[in-house]
Amino acid sequence: MTDYGIQIPILGSNADRTIKSLREDPELAASEPQWLIEEELPKLSRREIVRVHDEAYTDRLLAASRDGSGPCETEMQRTFELVDTDGRNHRYEPESARFNLCELRDQSLRLAGGTLRGAEIAVQNPERFCFYLGGGMHHGQRGWGEGFCPINDLVIAIRALQAAGSIESAWVVDVDAHKGDGTAALTANDDTIQTVSVHMADGWPMDQPRILSDGTPNPSFVPSTIDVPIAAGEEGEYLFRLQNAMEQMEDRFGVPDFVLVVDGADPYERDQLPSAELLKMTAAQLLARDAYLYRWVRTRAVPSLFVMAGNYGYHSWEVYSQFLAAQLKGELEN
Ligand SMILES: [Zn+2]
């Protein structure tokens, strides 16, 4: 049995493995109450979702479960690419699933609710460093889900903070292996939210057709404020190019009220998602990336939330564990 019957190395226990590794560190075990907040995740409300997604899509996604064939199931099948062009199940075995697709939807809404909760904690406690062990649904588009992301938790969290009057401006800094295409499209006409995406120059989502089957432009090609495509073999340039993008952003926009970092683990050479194979960064390169972004927000005293993203397979937790252990031991301060 599997949880959802989906044959992709997703929805794993990377959050649990990360926490376990930190708990097993003798230097960190005793101070756990100071570094770990465990809360039940609040499910996002329709009101929070429609600040970002269109109402018709939201209603289809939130529809009640209907024997595997209702609008919620259809939207989730599309989001997780579970049906091939001939209408057959694709890397999906519903008979082996413990939970149905609407329960997967509910789990996604809870994980996205956690991003909002983490963002609230981050702006209420600007002196604290905040990392949420979930979230990062950066492919969600206005009217459909895509790339395992039924909604875009990042833009939803930022718009909720703006609606509450907690912040005005925000940046999304996305260092997942895949372009933050949903985030770029959803914020393209919103001057209050700026986006940086450092991603594989080739492969999904950049290998899709530029025009969709209905004749409209594919929103995956809407540019971020700054896009930094990295070609295979250019891993050694990654940090320099990220630094350059952040310097350009600060020159153009100053420092925002809030930074959301989409801290993808899938550029890691030991990540197991085939579509992230064009980037193969070492653990040391990823620690340098994370340490740079950590110092960027901390030296400017910008409230920020780092979220997990793109962590596939059995080794992704190593990326988070090394960064969080170094942060908690004070090794990133200088
Ligand atoms: Zn990814």
# chains A, B, ... in the order shown; residues from 1 in each chain; ligands from 1
call {"tool": "closest_atom_pairs", "arguments": {"of": "chain A", "to": "ligand 1", "cutoff": "8 Å", "atoms": "only C-alpha atoms and all ligand atoms", "output": "tab-separated table"}}
result
residue	atom	partner	partner_atom_place_in_ligand_line	distance
A:Asp176	CA	ligand 1	1 (Zn)	5.0
A:Ala177	CA	ligand 1	1 (Zn)	4.8
A:His178	CA	ligand 1	1 (Zn)	4.4
A:Lys179	CA	ligand 1	1 (Zn)	7.6
A:Gly264	CA	ligand 1	1 (Zn)	6.2
A:Ala265	CA	ligand 1	1 (Zn)	7.7
A:Asp266	CA	ligand 1	1 (Zn)	5.6
A:Pro267	CA	ligand 1	1 (Zn)	7.9
A:Ala276	CA	ligand 1	1 (Zn)	6.7
A:Ala309	CA	ligand 1	1 (Zn)	6.4
A:Gly310	CA	ligand 1	1 (Zn)	3.9
A:Asn311	CA	ligand 1	1 (Zn)	7.3
call {"tool": "residues_around", "arguments": {"residues": "stretch 84-91 of chain A", "least_positions_apart": "2", "cutoff": "8 Å", "atoms": "only C-alpha atoms", "output": "VMD selection string"}}
result
chain A and resid 6 to 8 81 to 82 93
call {"tool": "closest_residue", "arguments": {"among": "A:Ser224, A:Ile121, A:Arg128, A:Met246", "to": "A:Trp35", "atoms": "only C-alpha atoms"}}
result
A:Arg128
call {"tool": "residues_around", "arguments": {"residues": "A:Gln243", "least_positions_apart": "6", "cutoff": "10 Å", "atoms": "only C-alpha atoms", "output": "PyMOL selection string"}}
result
chain A and resi 249+289+292-293+296
call {"tool": "atom_distance", "arguments": {"atom1": "atom CA of A:Gly147", "atom2": "atom CA of A:Gln272"}}
result
15.5 Å
call {"tool": "closest_residue", "arguments": {"among": "A:Gly165, A:Leu133, A:Glu237, A:Arg105", "to": "A:Ser316", "atoms": "only C-alpha atoms"}}
result
A:Leu133
call {"tool": "closest_residue", "arguments": {"among": "A:Met137, A:Leu273, A:Val198, A:Leu161", "to": "A:Val307", "atoms": "only C-alpha atoms"}}
result
A:Met137
call {"tool": "select_by_dssp", "arguments": {"residues": "stretch 91-334 of chain A", "states": "strand (DSSP E)", "output": "ChimeraX atom specification"}}
result
/A:130-132,170-174,193-200,226-230,258-264,304-309
call {"tool": "closest_residue", "arguments": {"among": "A:Gln124, A:Asn334, A:Ser69, A:Ser45", "to": "A:Leu109", "atoms": "only C-alpha atoms"}}
result
A:Ser45
call {"tool": "residues_around", "arguments": {"residues": "stretch 94-100 of chain A", "least_positions_apart": "6", "cutoff": "7 Å", "atoms": "only C-alpha atoms", "output": "PyMOL selection string"}}
result
chain A and resi 1-5
call {"tool": "select_by_dssp", "arguments": {"residues": "stretch 16-188 of chain A", "states": "alpha helix (DSSP H)", "output": "PyMOL selection string"}}
result
chain A and resi 16-23+26-29+32-35+46-49+55-62+71-79+101-124+153-163+181-187
call {"tool": "closest_residue", "arguments": {"among": "A:Val261, A:Ile19, A:Ala170, A:Ile156", "to": "A:Tyr294", "atoms": "only C-alpha atoms"}}
result
A:Val261
call {"tool": "residues_around", "arguments": {"residues": "A:Ile151", "least_positions_apart": "3", "cutoff": "10 Å", "atoms": "only C-alpha atoms", "output": "VMD selection string"}}
result
chain A and resid 49 52 to 53 57 to 58 61 79 105 108 to 109 112 136 to 146 148 154 to 156 182
call {"tool": "residues_around", "arguments": {"residues": "A:Tyr238", "least_positions_apart": "3", "cutoff": "12 Å", "atoms": "only C-alpha atoms", "output": "PyMOL selection string"}}
result
chain A and resi 175+177+197-201+228-235+241-245+267+279-282+285-286+288-290+292
call {"tool": "residues_around", "arguments": {"residues": "A:Glu73", "least_positions_apart": "2", "cutoff": "12 Å", "atoms": "only C-alpha atoms", "output": "MDAnalysis selection string"}}
result
chainID A and resid 60:71 75:83 94 100:106 145 150
call {"tool": "atom_distance", "arguments": {"atom1": "atom CA of A:Gly254", "atom2": "atom CA of A:Ile167"}}
result
14.8 Å
call {"tool": "decode", "arguments": {"residues": "stretch 146-294 of chain A", "atoms": "C-alpha atoms", "output": "PDB file, in the first residue's frame"}}
result
ATOM      1  CA  GLU A 146       0.490  21.881 -12.356  1.00  0.00           C
ATOM      2  CA  GLY A 147       3.700  20.053 -11.439  1.00  0.00           C
ATOM      3  CA  PHE A 148       2.275  18.488  -8.246  1.00  0.00           C
ATOM      4  CA  CYS A 149       1.097  21.933  -7.047  1.00  0.00           C
ATOM      5  CA  PRO A 150      -2.727  22.266  -6.905  1.00  0.00           C
ATOM      6  CA  ILE A 151      -2.450  25.818  -5.555  1.00  0.00           C
ATOM      7  CA  ASN A 152       0.329  28.351  -5.089  1.00  0.00           C
ATOM      8  CA  ASP A 153       0.881  28.517  -1.344  1.00  0.00           C
ATOM      9  CA  LEU A 154       3.568  31.206  -1.720  1.00  0.00           C
ATOM     10  CA  VAL A 155       1.436  33.894  -3.347  1.00  0.00           C
ATOM     11  CA  ILE A 156      -1.520  32.905  -1.154  1.00  0.00           C
ATOM     12  CA  ALA A 157       0.571  33.471   1.992  1.00  0.00           C
ATOM     13  CA  ILE A 158       1.897  36.830   0.792  1.00  0.00           C
ATOM     14  CA  ARG A 159      -1.547  38.110  -0.234  1.00  0.00           C
ATOM     15  CA  ALA A 160      -2.937  37.022   3.147  1.00  0.00           C
ATOM     16  CA  LEU A 161      -0.206  38.975   4.973  1.00  0.00           C
ATOM     17  CA  GLN A 162      -0.921  41.989   2.766  1.00  0.00           C
ATOM     18  CA  ALA A 163      -4.690  41.696   3.393  1.00  0.00           C
ATOM     19  CA  ALA A 164      -4.007  41.591   7.151  1.00  0.00           C
ATOM     20  CA  GLY A 165      -1.912  44.767   6.842  1.00  0.00           C
ATOM     21  CA  SER A 166       1.223  42.981   8.129  1.00  0.00           C
ATOM     22  CA  ILE A 167       3.368  43.759   5.069  1.00  0.00           C
ATOM     23  CA  GLU A 168       3.201  45.777   1.851  1.00  0.00           C
ATOM     24  CA  SER A 169       6.024  44.442  -0.310  1.00  0.00           C
ATOM     25  CA  ALA A 170       7.473  40.960  -0.654  1.00  0.00           C
ATOM     26  CA  TRP A 171       9.967  39.006  -2.727  1.00  0.00           C
ATOM     27  CA  VAL A 172       9.849  35.349  -3.581  1.00  0.00           C
ATOM     28  CA  VAL A 173      13.388  34.027  -4.035  1.00  0.00           C
ATOM     29  CA  ASP A 174      13.067  30.617  -5.651  1.00  0.00           C
ATOM     30  CA  VAL A 175      16.111  28.345  -5.790  1.00  0.00           C
ATOM     31  CA  ASP A 176      14.271  25.140  -6.673  1.00  0.00           C
ATOM     32  CA  ALA A 177      15.645  23.307  -9.727  1.00  0.00           C
ATOM     33  CA  HIS A 178      12.467  24.122 -11.672  1.00  0.00           C
ATOM     34  CA  LYS A 179      11.421  27.636 -12.662  1.00  0.00           C
ATOM     35  CA  GLY A 180       8.905  29.238 -10.267  1.00  0.00           C
ATOM     36  CA  ASP A 181       6.575  29.660 -13.227  1.00  0.00           C
ATOM     37  CA  GLY A 182       3.276  29.802 -11.347  1.00  0.00           C
ATOM     38  CA  THR A 183       4.612  32.409  -8.953  1.00  0.00           C
ATOM     39  CA  ALA A 184       5.919  34.560 -11.831  1.00  0.00           C
ATOM     40  CA  ALA A 185       2.625  34.376 -13.746  1.00  0.00           C
ATOM     41  CA  LEU A 186       0.447  35.077 -10.710  1.00  0.00           C
ATOM     42  CA  THR A 187       2.446  38.146  -9.692  1.00  0.00           C
ATOM     43  CA  ALA A 188       3.334  39.533 -13.142  1.00  0.00           C
ATOM     44  CA  ASN A 189       1.031  42.552 -12.795  1.00  0.00           C
ATOM     45  CA  ASP A 190       1.540  43.052  -9.082  1.00  0.00           C
ATOM     46  CA  ASP A 191       4.227  45.640  -8.264  1.00  0.00           C
ATOM     47  CA  THR A 192       4.134  44.702  -4.586  1.00  0.00           C
ATOM     48  CA  ILE A 193       5.551  41.216  -5.205  1.00  0.00           C
ATOM     49  CA  GLN A 194       8.887  40.704  -6.983  1.00  0.00           C
ATOM     50  CA  THR A 195      10.268  37.322  -7.954  1.00  0.00           C
ATOM     51  CA  VAL A 196      13.702  35.796  -8.498  1.00  0.00           C
ATOM     52  CA  SER A 197      13.984  32.302  -9.909  1.00  0.00           C
ATOM     53  CA  VAL A 198      17.274  30.420 -10.315  1.00  0.00           C
ATOM     54  CA  HIS A 199      16.518  27.237 -12.226  1.00  0.00           C
ATOM     55  CA  MET A 200      17.528  24.689 -14.865  1.00  0.00           C
ATOM     56  CA  ALA A 201      17.799  26.425 -18.241  1.00  0.00           C
ATOM     57  CA  ASP A 202      16.333  23.375 -19.983  1.00  0.00           C
ATOM     58  CA  GLY A 203      13.868  20.615 -19.136  1.00  0.00           C
ATOM     59  CA  TRP A 204      10.453  20.992 -17.546  1.00  0.00           C
ATOM     60  CA  PRO A 205       8.713  23.481 -17.397  1.00  0.00           C
ATOM     61  CA  MET A 206      10.826  25.269 -20.022  1.00  0.00           C
ATOM     62  CA  ASP A 207      10.371  22.445 -22.572  1.00  0.00           C
ATOM     63  CA  GLN A 208       6.584  22.920 -22.814  1.00  0.00           C
ATOM     64  CA  PRO A 209       4.909  24.457 -25.878  1.00  0.00           C
ATOM     65  CA  ARG A 210       4.780  28.233 -25.726  1.00  0.00           C
ATOM     66  CA  ILE A 211       1.159  28.221 -26.892  1.00  0.00           C
ATOM     67  CA  LEU A 212      -1.424  26.047 -25.132  1.00  0.00           C
ATOM     68  CA  SER A 213      -3.892  23.790 -26.981  1.00  0.00           C
ATOM     69  CA  ASP A 214      -6.607  26.461 -26.641  1.00  0.00           C
ATOM     70  CA  GLY A 215      -4.400  28.993 -28.456  1.00  0.00           C
ATOM     71  CA  THR A 216      -3.508  31.064 -25.389  1.00  0.00           C
ATOM     72  CA  PRO A 217       0.089  31.800 -24.339  1.00  0.00           C
ATOM     73  CA  ASN A 218       1.515  29.295 -21.851  1.00  0.00           C
ATOM     74  CA  PRO A 219       1.869  31.151 -18.523  1.00  0.00           C
ATOM     75  CA  SER A 220       4.967  29.085 -17.682  1.00  0.00           C
ATOM     76  CA  PHE A 221       6.899  31.487 -19.924  1.00  0.00           C
ATOM     77  CA  VAL A 222       5.864  34.647 -18.081  1.00  0.00           C
ATOM     78  CA  PRO A 223       9.208  35.997 -16.842  1.00  0.00           C
ATOM     79  CA  SER A 224      10.056  36.396 -13.172  1.00  0.00           C
ATOM     80  CA  THR A 225      11.349  39.844 -12.175  1.00  0.00           C
ATOM     81  CA  ILE A 226      14.775  38.245 -12.586  1.00  0.00           C
ATOM     82  CA  ASP A 227      15.220  34.788 -14.072  1.00  0.00           C
ATOM     83  CA  VAL A 228      18.579  33.071 -13.704  1.00  0.00           C
ATOM     84  CA  PRO A 229      18.697  30.005 -15.967  1.00  0.00           C
ATOM     85  CA  ILE A 230      21.556  27.609 -15.193  1.00  0.00           C
ATOM     86  CA  ALA A 231      22.588  25.185 -17.925  1.00  0.00           C
ATOM     87  CA  ALA A 232      23.837  21.662 -17.192  1.00  0.00           C
ATOM     88  CA  GLY A 233      27.486  21.870 -16.174  1.00  0.00           C
ATOM     89  CA  GLU A 234      27.236  25.454 -14.876  1.00  0.00           C
ATOM     90  CA  GLU A 235      26.809  24.447 -11.221  1.00  0.00           C
ATOM     91  CA  GLY A 236      30.090  26.179 -10.345  1.00  0.00           C
ATOM     92  CA  GLU A 237      28.580  29.507 -11.486  1.00  0.00           C
ATOM     93  CA  TYR A 238      25.396  29.108  -9.458  1.00  0.00           C
ATOM     94  CA  LEU A 239      26.318  31.066  -6.340  1.00  0.00           C
ATOM     95  CA  PHE A 240      27.868  33.952  -8.224  1.00  0.00           C
ATOM     96  CA  ARG A 241      24.772  34.298 -10.420  1.00  0.00           C
ATOM     97  CA  LEU A 242      22.437  34.147  -7.434  1.00  0.00           C
ATOM     98  CA  GLN A 243      24.452  36.864  -5.687  1.00  0.00           C
ATOM     99  CA  ASN A 244      24.361  38.966  -8.808  1.00  0.00           C
ATOM    100  CA  ALA A 245      20.564  38.651  -9.048  1.00  0.00           C
ATOM    101  CA  MET A 246      20.085  39.621  -5.398  1.00  0.00           C
ATOM    102  CA  GLU A 247      22.329  42.667  -5.845  1.00  0.00           C
ATOM    103  CA  GLN A 248      20.332  43.743  -8.892  1.00  0.00           C
ATOM    104  CA  MET A 249      17.084  43.294  -6.990  1.00  0.00           C
ATOM    105  CA  GLU A 250      18.276  45.444  -4.105  1.00  0.00           C
ATOM    106  CA  ASP A 251      19.499  48.149  -6.483  1.00  0.00           C
ATOM    107  CA  ARG A 252      16.119  48.241  -8.203  1.00  0.00           C
ATOM    108  CA  PHE A 253      13.694  47.769  -5.331  1.00  0.00           C
ATOM    109  CA  GLY A 254      15.516  48.363  -2.036  1.00  0.00           C
ATOM    110  CA  VAL A 255      14.729  45.930   0.762  1.00  0.00           C
ATOM    111  CA  PRO A 256      11.202  44.449   0.915  1.00  0.00           C
ATOM    112  CA  ASP A 257       9.026  43.943   3.995  1.00  0.00           C
ATOM    113  CA  PHE A 258       9.168  40.165   3.668  1.00  0.00           C
ATOM    114  CA  VAL A 259      11.178  37.529   1.776  1.00  0.00           C
ATOM    115  CA  LEU A 260       9.872  34.058   1.041  1.00  0.00           C
ATOM    116  CA  VAL A 261      12.660  31.657   0.027  1.00  0.00           C
ATOM    117  CA  VAL A 262      11.614  28.575  -1.959  1.00  0.00           C
ATOM    118  CA  ASP A 263      14.506  26.444  -0.788  1.00  0.00           C
ATOM    119  CA  GLY A 264      14.350  23.602  -3.283  1.00  0.00           C
ATOM    120  CA  ALA A 265      16.421  20.509  -2.561  1.00  0.00           C
ATOM    121  CA  ASP A 266      16.074  19.123  -6.082  1.00  0.00           C
ATOM    122  CA  PRO A 267      19.232  20.780  -7.522  1.00  0.00           C
ATOM    123  CA  TYR A 268      21.043  18.247  -5.257  1.00  0.00           C
ATOM    124  CA  GLU A 269      23.053  15.587  -7.074  1.00  0.00           C
ATOM    125  CA  ARG A 270      21.411  12.889  -4.922  1.00  0.00           C
ATOM    126  CA  ASP A 271      17.828  14.035  -5.624  1.00  0.00           C
ATOM    127  CA  GLN A 272      15.833  11.294  -7.351  1.00  0.00           C
ATOM    128  CA  LEU A 273      13.326  13.136  -9.567  1.00  0.00           C
ATOM    129  CA  PRO A 274      14.275  12.518 -13.210  1.00  0.00           C
ATOM    130  CA  SER A 275      13.069  15.960 -14.294  1.00  0.00           C
ATOM    131  CA  ALA A 276      15.587  17.666 -11.984  1.00  0.00           C
ATOM    132  CA  GLU A 277      18.594  15.776 -13.329  1.00  0.00           C
ATOM    133  CA  LEU A 278      20.022  18.651 -15.333  1.00  0.00           C
ATOM    134  CA  LEU A 279      21.291  20.312 -12.158  1.00  0.00           C
ATOM    135  CA  LYS A 280      23.704  18.325 -10.019  1.00  0.00           C
ATOM    136  CA  MET A 281      24.932  20.432  -7.161  1.00  0.00           C
ATOM    137  CA  THR A 282      26.974  19.054  -4.299  1.00  0.00           C
ATOM    138  CA  ALA A 283      25.922  19.303  -0.663  1.00  0.00           C
ATOM    139  CA  ALA A 284      28.666  21.907  -0.149  1.00  0.00           C
ATOM    140  CA  GLN A 285      27.408  24.035  -3.056  1.00  0.00           C
ATOM    141  CA  LEU A 286      23.873  23.908  -1.657  1.00  0.00           C
ATOM    142  CA  LEU A 287      25.040  24.843   1.824  1.00  0.00           C
ATOM    143  CA  ALA A 288      26.848  27.844   0.331  1.00  0.00           C
ATOM    144  CA  ARG A 289      23.609  28.816  -1.472  1.00  0.00           C
ATOM    145  CA  ASP A 290      21.502  28.528   1.666  1.00  0.00           C
ATOM    146  CA  ALA A 291      24.078  30.284   3.853  1.00  0.00           C
ATOM    147  CA  TYR A 292      24.229  33.188   1.386  1.00  0.00           C
ATOM    148  CA  LEU A 293      20.452  33.649   1.396  1.00  0.00           C
ATOM    149  CA  TYR A 294      20.338  33.274   5.178  1.00  0.00           C
TER     150      TYR A 294
END
